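Shown next: work28.txt, given as compact mmCIF, C-alpha atoms.
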# COMPACT_ATOMS: atom_id res chain seq x y z
CA MET D 221 -61.49 -10.02 4.68
CA MET D 222 -61.27 -12.40 1.71
CA ASN D 223 -63.93 -14.83 0.56
CA LYS D 224 -63.40 -18.56 0.04
CA ASN D 225 -62.64 -18.30 -3.71
CA GLN D 226 -60.01 -15.70 -3.02
CA ASP D 227 -58.61 -17.97 -0.31
CA SER D 228 -58.16 -20.88 -2.69
CA GLU D 229 -56.63 -18.57 -5.34
CA PHE D 230 -54.25 -17.21 -2.75
CA LEU D 231 -53.23 -20.68 -1.58
CA GLN D 232 -52.76 -21.88 -5.15
CA ARG D 233 -50.60 -18.84 -5.94
CA VAL D 234 -48.45 -19.35 -2.85
CA TYR D 235 -48.04 -23.11 -2.85
CA GLY D 236 -48.83 -23.84 -6.51
CA GLU D 237 -50.98 -26.85 -5.67
CA ASP D 238 -54.64 -27.70 -5.62
CA THR D 239 -55.81 -27.14 -2.14
CA ALA D 240 -58.48 -28.74 -0.07
CA GLU D 241 -61.90 -27.18 0.10
CA PRO D 242 -61.73 -24.02 2.21
CA VAL D 243 -63.63 -24.05 5.43
CA ASP D 244 -65.06 -21.25 7.52
CA LEU D 245 -62.55 -20.09 10.11
CA PRO D 246 -62.67 -17.61 12.91
CA ALA D 247 -61.41 -14.20 11.77
CA GLY D 248 -58.30 -14.22 14.06
CA LEU D 249 -57.15 -17.64 12.91
CA HIS D 250 -57.84 -16.69 9.29
CA ASP D 251 -55.54 -13.66 9.55
CA LYS D 252 -52.84 -15.71 11.29
CA LEU D 253 -52.98 -18.34 8.58
CA TYR D 254 -52.62 -15.67 5.90
CA ARG D 255 -49.56 -14.24 7.64
CA ILE D 256 -47.66 -17.59 7.56
CA PRO D 257 -46.73 -17.65 3.84
CA ARG D 258 -45.94 -13.91 3.88
CA LYS D 259 -43.59 -14.41 6.81
CA SER D 260 -41.92 -17.45 5.25
CA ARG D 261 -41.53 -15.55 2.00
CA GLN D 262 -39.98 -12.62 3.90
CA LYS D 263 -37.70 -15.03 5.74
CA SER D 264 -36.60 -16.62 2.47
CA TRP D 265 -35.79 -13.18 1.03
CA ILE D 266 -33.79 -12.34 4.14
CA MET D 267 -31.97 -15.68 3.85
CA MET D 268 -31.25 -15.08 0.16
CA GLY D 269 -29.96 -11.61 0.94
CA ALA D 270 -27.76 -12.93 3.73
CA ILE D 271 -26.32 -15.66 1.48
CA ALA D 272 -25.66 -13.17 -1.31
CA ALA D 273 -24.00 -10.78 1.12
CA SER D 274 -21.83 -13.58 2.57
CA LEU D 275 -20.84 -14.72 -0.91
CA ALA D 276 -19.94 -11.17 -1.89
CA PHE D 277 -17.93 -10.79 1.33
CA VAL D 278 -16.08 -14.06 0.75
CA MET D 279 -15.29 -13.08 -2.84
CA LEU D 280 -14.08 -9.66 -1.74
CA ALA D 281 -11.91 -11.20 0.97
CA PHE D 282 -10.40 -13.65 -1.54
CA SER D 283 -9.71 -10.94 -4.08
CA LEU D 284 -8.05 -8.83 -1.38
CA LEU D 285 -5.97 -11.79 -0.27
CA LEU D 286 -4.93 -12.79 -3.78
CA GLU D 287 -4.23 -9.31 -5.13
CA PRO D 288 -0.88 -7.97 -3.93
CA SER D 289 -1.13 -4.76 -1.95
CA GLN D 290 0.50 -1.52 -3.10
CA GLN D 291 3.32 -2.12 -0.62
CA GLU D 292 3.91 -5.64 -1.99
CA ARG D 293 3.91 -4.30 -5.54
CA ASP D 294 6.46 -1.63 -4.55
CA LEU D 295 8.61 -4.28 -2.91
CA LEU D 296 8.51 -6.56 -5.97
CA GLN D 297 9.43 -3.63 -8.22
CA ALA D 298 12.25 -2.67 -5.84
CA GLU D 299 13.60 -6.22 -5.92
CA LYS D 300 13.56 -6.15 -9.70
CA ASP D 301 15.33 -2.77 -9.71
CA LEU D 302 17.94 -4.05 -7.29
CA ARG D 303 18.70 -7.00 -9.54
CA ILE D 304 19.16 -4.68 -12.52
CA ALA D 305 21.37 -2.31 -10.49
CA LEU D 306 23.57 -5.19 -9.30
CA GLN D 307 23.71 -6.57 -12.83
CA TYR D 308 25.14 -3.30 -14.15
CA LEU D 309 27.49 -3.02 -11.19
CA GLN D 310 28.78 -6.53 -11.85
CA LYS D 311 29.24 -5.71 -15.53
CA ALA D 312 31.34 -2.69 -14.61
CA ASN D 313 33.34 -4.82 -12.16
CA ASP D 314 33.99 -7.44 -14.82
CA LYS D 315 35.09 -4.82 -17.32
CA ALA D 316 37.45 -3.29 -14.77
CA ASN D 317 38.82 -6.71 -13.79
CA ARG D 318 39.46 -7.70 -17.40
CA SER D 319 41.22 -4.43 -18.06
CA LEU D 320 43.35 -4.81 -14.93
CA GLN D 321 44.30 -8.35 -15.94
CA HIS D 322 45.30 -7.19 -19.43
CA THR D 323 47.31 -4.32 -18.00
CA LEU D 324 49.04 -6.56 -15.47
CA ASN D 325 49.80 -9.18 -18.11
CA ASP D 326 51.18 -6.55 -20.50
CA SER D 327 53.24 -4.95 -17.75
CA LEU D 328 54.57 -8.29 -16.58
CA GLN D 329 55.45 -9.21 -20.12
CA SER D 330 57.36 -6.02 -20.74
CA ALA D 331 58.92 -6.02 -17.25
CA THR D 332 60.07 -9.63 -17.04
CA LEU D 333 59.68 -11.62 -20.22
CA LYS D 334 61.24 -9.11 -22.60
CA PRO D 335 64.49 -8.65 -20.59
CA ILE D 336 64.78 -12.41 -20.14
CA MET D 337 64.24 -13.02 -23.84
CA HIS D 338 66.71 -10.28 -24.62
CA THR D 339 69.31 -11.84 -22.29
CA VAL D 340 68.76 -15.31 -23.73
CA TYR D 341 69.07 -13.93 -27.25
CA SER D 342 72.28 -12.01 -26.49
CA VAL D 343 73.86 -15.02 -24.72
CA SER D 344 73.02 -17.38 -27.56
CA SER D 345 74.26 -14.94 -30.19
CA SER D 346 77.55 -14.35 -28.31
CA GLU D 347 78.08 -18.11 -28.02
CA GLY D 348 77.43 -18.51 -31.70
CA VAL D 349 80.12 -15.95 -32.45
CA MET N 47 -5.58 36.31 28.49
CA LYS N 48 -2.14 35.34 29.79
CA LEU N 49 -2.97 31.69 29.22
CA PHE N 50 -4.01 32.43 25.63
CA VAL N 51 -0.75 34.29 24.95
CA ALA N 52 1.27 31.43 26.44
CA LYS N 53 -0.60 28.87 24.30
CA ALA N 54 -0.12 31.00 21.19
CA ARG N 55 3.61 31.26 21.91
CA ILE N 56 3.89 27.49 22.32
CA GLY N 57 1.93 27.01 19.10
CA ILE N 58 4.17 29.36 17.15
CA TYR N 59 7.27 27.72 18.64
CA LEU N 60 6.04 24.22 17.70
CA PHE N 61 5.09 25.38 14.19
CA PHE N 62 8.56 26.88 13.76
CA CYS N 63 10.26 23.69 15.00
CA PHE N 64 8.21 21.43 12.71
CA SER N 65 8.70 23.65 9.68
CA VAL N 66 12.49 23.73 10.23
CA LEU N 67 12.56 19.95 10.77
CA PHE N 68 10.55 19.16 7.63
CA SER N 69 12.37 21.66 5.45
CA THR N 70 15.80 20.24 6.43
CA GLN N 71 14.55 16.68 5.87
CA SER N 72 13.25 17.41 2.40
CA LEU N 73 16.29 19.43 1.34
CA ALA N 74 19.00 17.25 2.84
CA SER N 75 20.57 14.78 0.45
CA PRO N 76 22.62 11.98 1.93
CA ALA N 77 26.39 12.31 1.93
CA GLY N 78 27.82 10.39 -0.99
CA GLU N 79 24.94 11.20 -3.32
CA ILE N 80 25.93 12.34 -6.80
CA ASN N 81 23.62 13.98 -9.29
CA PHE N 82 24.45 12.85 -12.78
CA ALA N 83 23.57 15.27 -15.56
CA ASP N 84 20.39 14.39 -17.41
CA LEU N 85 21.34 13.01 -20.82
CA SER N 86 17.82 12.50 -22.10
CA GLY N 87 18.22 15.60 -24.29
CA SER N 88 21.02 13.87 -26.20
CA TYR N 89 20.05 10.20 -26.09
CA GLY N 90 16.32 10.18 -25.33
CA GLU N 91 14.77 8.68 -22.21
CA ALA N 92 17.13 6.60 -20.10
CA LYS N 93 16.99 2.87 -20.92
CA VAL N 94 17.16 2.16 -17.20
CA GLU N 95 16.36 4.64 -14.45
CA ILE N 96 16.44 3.33 -10.90
CA ASN N 97 16.11 5.23 -7.64
CA LEU N 98 16.00 2.94 -4.61
CA GLU N 99 15.62 4.64 -1.26
CA LYS N 100 16.65 3.38 2.16
CA GLY N 101 13.15 2.26 3.17
CA LEU N 102 12.68 -0.12 0.26
CA ILE N 103 16.27 -1.38 0.39
CA GLY N 104 15.80 -2.11 4.08
CA MET N 105 12.59 -4.01 3.37
CA ILE N 106 14.27 -6.17 0.70
CA GLY N 107 17.10 -6.83 3.14
CA ALA N 108 14.69 -7.76 5.90
CA PHE N 109 12.74 -10.13 3.64
CA SER N 110 15.86 -11.82 2.29
CA LYS N 111 17.49 -12.27 5.71
CA GLN N 112 16.48 -15.92 6.01
CA GLU N 113 16.66 -16.97 2.37
CA ASP N 114 19.72 -14.95 1.39
CA PRO N 115 21.81 -13.73 4.30
CA GLU N 116 24.50 -12.51 1.88
CA VAL N 117 22.03 -10.22 0.14
CA ALA N 118 20.75 -9.00 3.48
CA GLN N 119 24.29 -8.30 4.63
CA LEU N 120 25.12 -6.43 1.44
CA LEU N 121 22.02 -4.27 1.74
CA GLU N 122 22.31 -3.68 5.47
CA ASN N 123 24.27 -0.46 5.23
CA ILE N 124 23.07 0.86 1.88
CA GLU N 125 21.01 4.03 1.94
CA MET N 126 20.38 4.70 -1.72
CA ILE N 127 20.98 3.18 -5.15
CA LYS N 128 20.72 5.26 -8.28
CA VAL N 129 21.22 3.86 -11.79
CA ARG N 130 20.98 5.57 -15.18
CA VAL N 131 21.62 3.72 -18.43
CA TYR N 132 21.50 5.41 -21.83
CA GLU N 133 21.80 3.96 -25.30
CA LEU N 134 24.46 6.02 -27.07
CA LYS N 135 23.18 5.53 -30.62
CA GLY N 136 26.71 5.66 -31.98
CA ASN N 137 27.66 8.97 -30.38
CA ALA N 138 29.44 8.81 -27.03
CA LYS N 139 30.55 12.47 -26.92
CA LYS N 140 27.98 13.77 -24.43
CA ALA N 141 28.30 10.74 -22.15
CA LEU N 142 32.08 11.10 -22.08
CA GLU N 143 31.67 14.78 -21.22
CA VAL N 144 29.49 13.85 -18.25
CA VAL N 145 32.05 11.24 -17.13
CA ASP N 146 34.79 13.88 -17.24
CA GLU N 147 32.63 16.47 -15.49
CA VAL N 148 31.62 14.11 -12.65
CA THR N 149 35.21 12.84 -12.35
CA GLY N 150 36.46 16.42 -11.95
CA ASN N 151 33.80 17.29 -9.37
CA ILE N 152 34.20 14.24 -7.18
CA ARG N 153 37.98 14.36 -7.26
CA LYS N 154 37.67 17.85 -5.76
CA ALA N 155 35.36 16.42 -3.07
CA ASN N 156 38.06 13.93 -2.02
CA TRP N 157 36.58 10.84 -3.59
CA GLU N 158 39.16 8.08 -4.04
CA PRO N 159 39.65 6.62 -7.52
CA LEU N 160 39.38 2.82 -7.37
CA VAL N 161 39.53 1.95 -11.05
CA SER N 162 40.19 4.01 -14.14
CA VAL N 163 40.19 2.27 -17.50
CA ASN N 164 40.79 4.04 -20.78
CA GLU N 165 40.61 1.54 -23.57
CA LYS N 166 39.68 1.94 -27.18
CA GLY N 167 35.90 2.18 -27.21
CA SER N 168 35.52 1.75 -23.47
CA ARG N 169 35.96 3.95 -20.43
CA VAL N 170 35.40 2.86 -16.84
CA ARG N 171 35.63 4.99 -13.71
CA MET N 172 35.06 3.82 -10.15
CA PHE N 173 35.32 6.10 -7.17
CA SER N 174 34.62 5.58 -3.50
CA ARG N 175 34.17 8.02 -0.65
CA VAL N 176 35.43 7.24 2.81
CA SER N 177 34.30 9.13 5.90
CA ASP N 178 35.47 8.28 9.42
CA GLY N 179 37.13 5.13 8.14
CA LYS N 180 33.92 3.87 6.54
CA MET N 181 33.00 3.79 2.89
CA ASP N 182 29.84 5.83 2.43
CA GLY N 183 29.64 6.23 -1.32
CA LEU N 184 30.46 4.53 -4.60
CA VAL N 185 30.30 5.96 -8.10
CA VAL N 186 30.63 3.79 -11.19
CA MET N 187 30.61 5.23 -14.70
CA VAL N 188 31.00 3.10 -17.81
CA VAL N 189 30.92 4.30 -21.39
CA ASP N 190 31.05 1.45 -23.84
CA GLU N 191 31.17 2.44 -27.50
CA GLN N 192 31.03 -1.11 -28.84
CA GLY N 193 28.01 -1.66 -31.06
CA ALA N 194 25.38 1.02 -30.60
CA GLY N 195 27.06 1.90 -27.32
CA GLU N 196 25.86 2.25 -23.78
CA ALA N 197 26.57 4.63 -20.90
CA VAL N 198 26.04 3.43 -17.34
CA PHE N 199 26.04 5.70 -14.30
CA ILE N 200 25.70 4.14 -10.84
CA ASN N 201 25.76 5.86 -7.48
CA ILE N 202 25.47 3.90 -4.26
CA VAL N 203 25.21 5.75 -0.97
CA GLY N 204 26.29 3.76 2.05
CA GLU N 205 28.71 1.01 2.83
CA ILE N 206 29.23 -1.49 0.03
CA ASP N 207 31.93 -4.06 -0.49
CA PRO N 208 32.44 -4.38 -4.27
CA SER N 209 33.80 -7.92 -3.79
CA GLN N 210 30.46 -8.90 -2.24
CA VAL N 211 28.57 -7.82 -5.35
CA SER N 212 29.68 -10.82 -7.44
CA LYS N 213 28.69 -13.21 -4.64
CA VAL N 214 25.26 -11.61 -4.42
CA THR N 215 24.68 -11.55 -8.17
CA LYS N 216 25.49 -15.27 -8.22
CA SER N 217 23.18 -16.03 -5.30
CA LEU N 218 20.38 -13.99 -6.91
CA ASN N 219 20.89 -15.90 -10.20
CA ILE N 220 21.20 -12.66 -12.08
CA ASP N 221 21.65 -13.20 -15.80
CA MET N 222 24.65 -11.12 -16.80
CA GLY N 223 23.93 -11.33 -20.52
CA PRO N 224 26.59 -10.48 -23.11
CA ASN N 225 29.23 -8.03 -21.89

Mind turning the file's structure into structure tokens?
Amino acid sequence: MMNKNQDSEFLQRVYGEDTAEPVDLPAGLHDKLYRIPRKSRQKSWIMMGAIAASLAFVMLAFSLLLEPSQQERDLLQAEKDLRIALQYLQKANDKANRSLQHTLNDSLQSATLKPIMHTVYSVSSSEGV
Amino acid sequence: MKLFVAKARIGIYLFFCFSVLFSTQSLASPAGEINFADLSGSYGEAKVEINLEKGLIGMIGAFSKQEDPEVAQLLENIEMIKVRVYELKGNAKKALEVVDEVTGNIRKANWEPLVSVNEKGSRVRMFSRVSDGKMDGLVVMVVDEQGAGEAVFINIVGEIDPSQVSKVTKSLNIDMGPN
């Protein structure tokens, strides 16, 4: 059991204020009164812990939501790969198309234009003679 | 005792079935798959190396169904996409050898030549494989000796309409860059 001086020191430490003159109390009430600040301090620690835990949980949830999962990363990479694959496929297609066009043009020229030109030339030269 | 023997027999039977199933799954390669020779010994690591399996292709198709139905349709029947691109560093000999080797092999396996271009400094080969009236494989090989040179090897397993590719590249806004 504490004496009156210790009581006022205790109250000053807990509440940080000058307190009223201590009075003699029954032992049971005295103990109960002493338990009040301890309990409130314990409660405040529990509250602080709960808030910190909730904050940590919220932050973790946000980071999990914002950060793409492994599956999403794989999918993004696959999409990128697909684009590249199609790009090269299209390039090959274009090359083949250009070559086909050249070949067709050349063939058409030699198959149709040259005989026509030849005929025109021979007709004009025979008329000239 | 009899019960134990019966259980053991069932266990052995199940183990055998699972082991056969898993071994065939891991060893089986899809029809239409072509293994291009590794050219990293001649040209260093491939500039582009892509291996897309059915699962991922299906996922891309499923995700693009609403935004890009054409892409989804193109990918619907594709099982695998394999791309290898090498920088030739001025020497196309090895790449041309691989083109000739693959051409010889797939011709023997009844692949149909779609396009064959032999121009100065450029060689293009396109083959398709048709099974039961359906196209189930496409091989594209391009060796371009212009500049430093580039060799491109593409193998697509599954049904693909080459005419759809240009539509899809346009809808995906793919930058074709200089040819």

Should the cut-off be 9 Å, what would the residue list for chain D against chain N look like, counting only C-alpha atoms, as a compact mmCIF listing (two decimals) with C-alpha atoms, in the frame of the given file?
# COMPACT_ATOMS: atom_id res chain seq x y z
CA ASP D 294 6.46 -1.63 -4.55
CA LEU D 295 8.61 -4.28 -2.91
CA LEU D 296 8.51 -6.56 -5.97
CA ALA D 298 12.25 -2.67 -5.84
CA GLU D 299 13.60 -6.22 -5.92
CA ASP D 301 15.33 -2.77 -9.71
CA LEU D 302 17.94 -4.05 -7.29
CA ARG D 303 18.70 -7.00 -9.54
CA ILE D 304 19.16 -4.68 -12.52
CA ALA D 305 21.37 -2.31 -10.49
CA LEU D 306 23.57 -5.19 -9.30
CA GLN D 307 23.71 -6.57 -12.83
CA TYR D 308 25.14 -3.30 -14.15
CA LEU D 309 27.49 -3.02 -11.19
CA GLN D 310 28.78 -6.53 -11.85
CA LYS D 311 29.24 -5.71 -15.53
CA ALA D 312 31.34 -2.69 -14.61
CA ASN D 313 33.34 -4.82 -12.16
CA ASP D 314 33.99 -7.44 -14.82
CA LYS D 315 35.09 -4.82 -17.32
CA ALA D 316 37.45 -3.29 -14.77
CA SER D 319 41.22 -4.43 -18.06
CA LEU D 320 43.35 -4.81 -14.93

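When CA of Ile124 in chain N is paired with CA of Gly104 in chain N, their separation reads 8.2 Å.
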
Between CA of Gln297 in chain D and CA of Glu113 in chain N lies a distance of 18.5 Å

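Atom to atom, CA of Asp178 in chain N and CA of Phe82 in chain N stand 25.2 Å apart.
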
Contacts of Val234 in chain D at 12 Å or less, counting only C-alpha atoms, minus same-chain residues fewer than 4 places along, as a short mmCIF file (atom, residue, chain, number, x, y, z; two decimals) with C-alpha atoms, in the coordinates of the input?
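This went into selection-v6.cif:
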data_model
loop_
_atom_site.label_atom_id
_atom_site.label_comp_id
_atom_site.auth_asym_id
_atom_site.auth_seq_id
_atom_site.Cartn_x
_atom_site.Cartn_y
_atom_site.Cartn_z
CA ASP D 227 -58.61 -17.97 -0.31
CA SER D 228 -58.16 -20.88 -2.69
CA GLU D 229 -56.63 -18.57 -5.34
CA PHE D 230 -54.25 -17.21 -2.75
CA ASP D 238 -54.64 -27.70 -5.62
CA THR D 239 -55.81 -27.14 -2.14
CA TYR D 254 -52.62 -15.67 5.90
CA ARG D 255 -49.56 -14.24 7.64
CA ILE D 256 -47.66 -17.59 7.56
CA PRO D 257 -46.73 -17.65 3.84
CA ARG D 258 -45.94 -13.91 3.88
CA LYS D 259 -43.59 -14.41 6.81
CA SER D 260 -41.92 -17.45 5.25
CA ARG D 261 -41.53 -15.55 2.00
#

Smallest atom-to-atom distance to Gln192 in chain N: which of N:Val176, N:Ile206, N:Leu134, N:Ala118, using all atoms listed in the file? N:Leu134
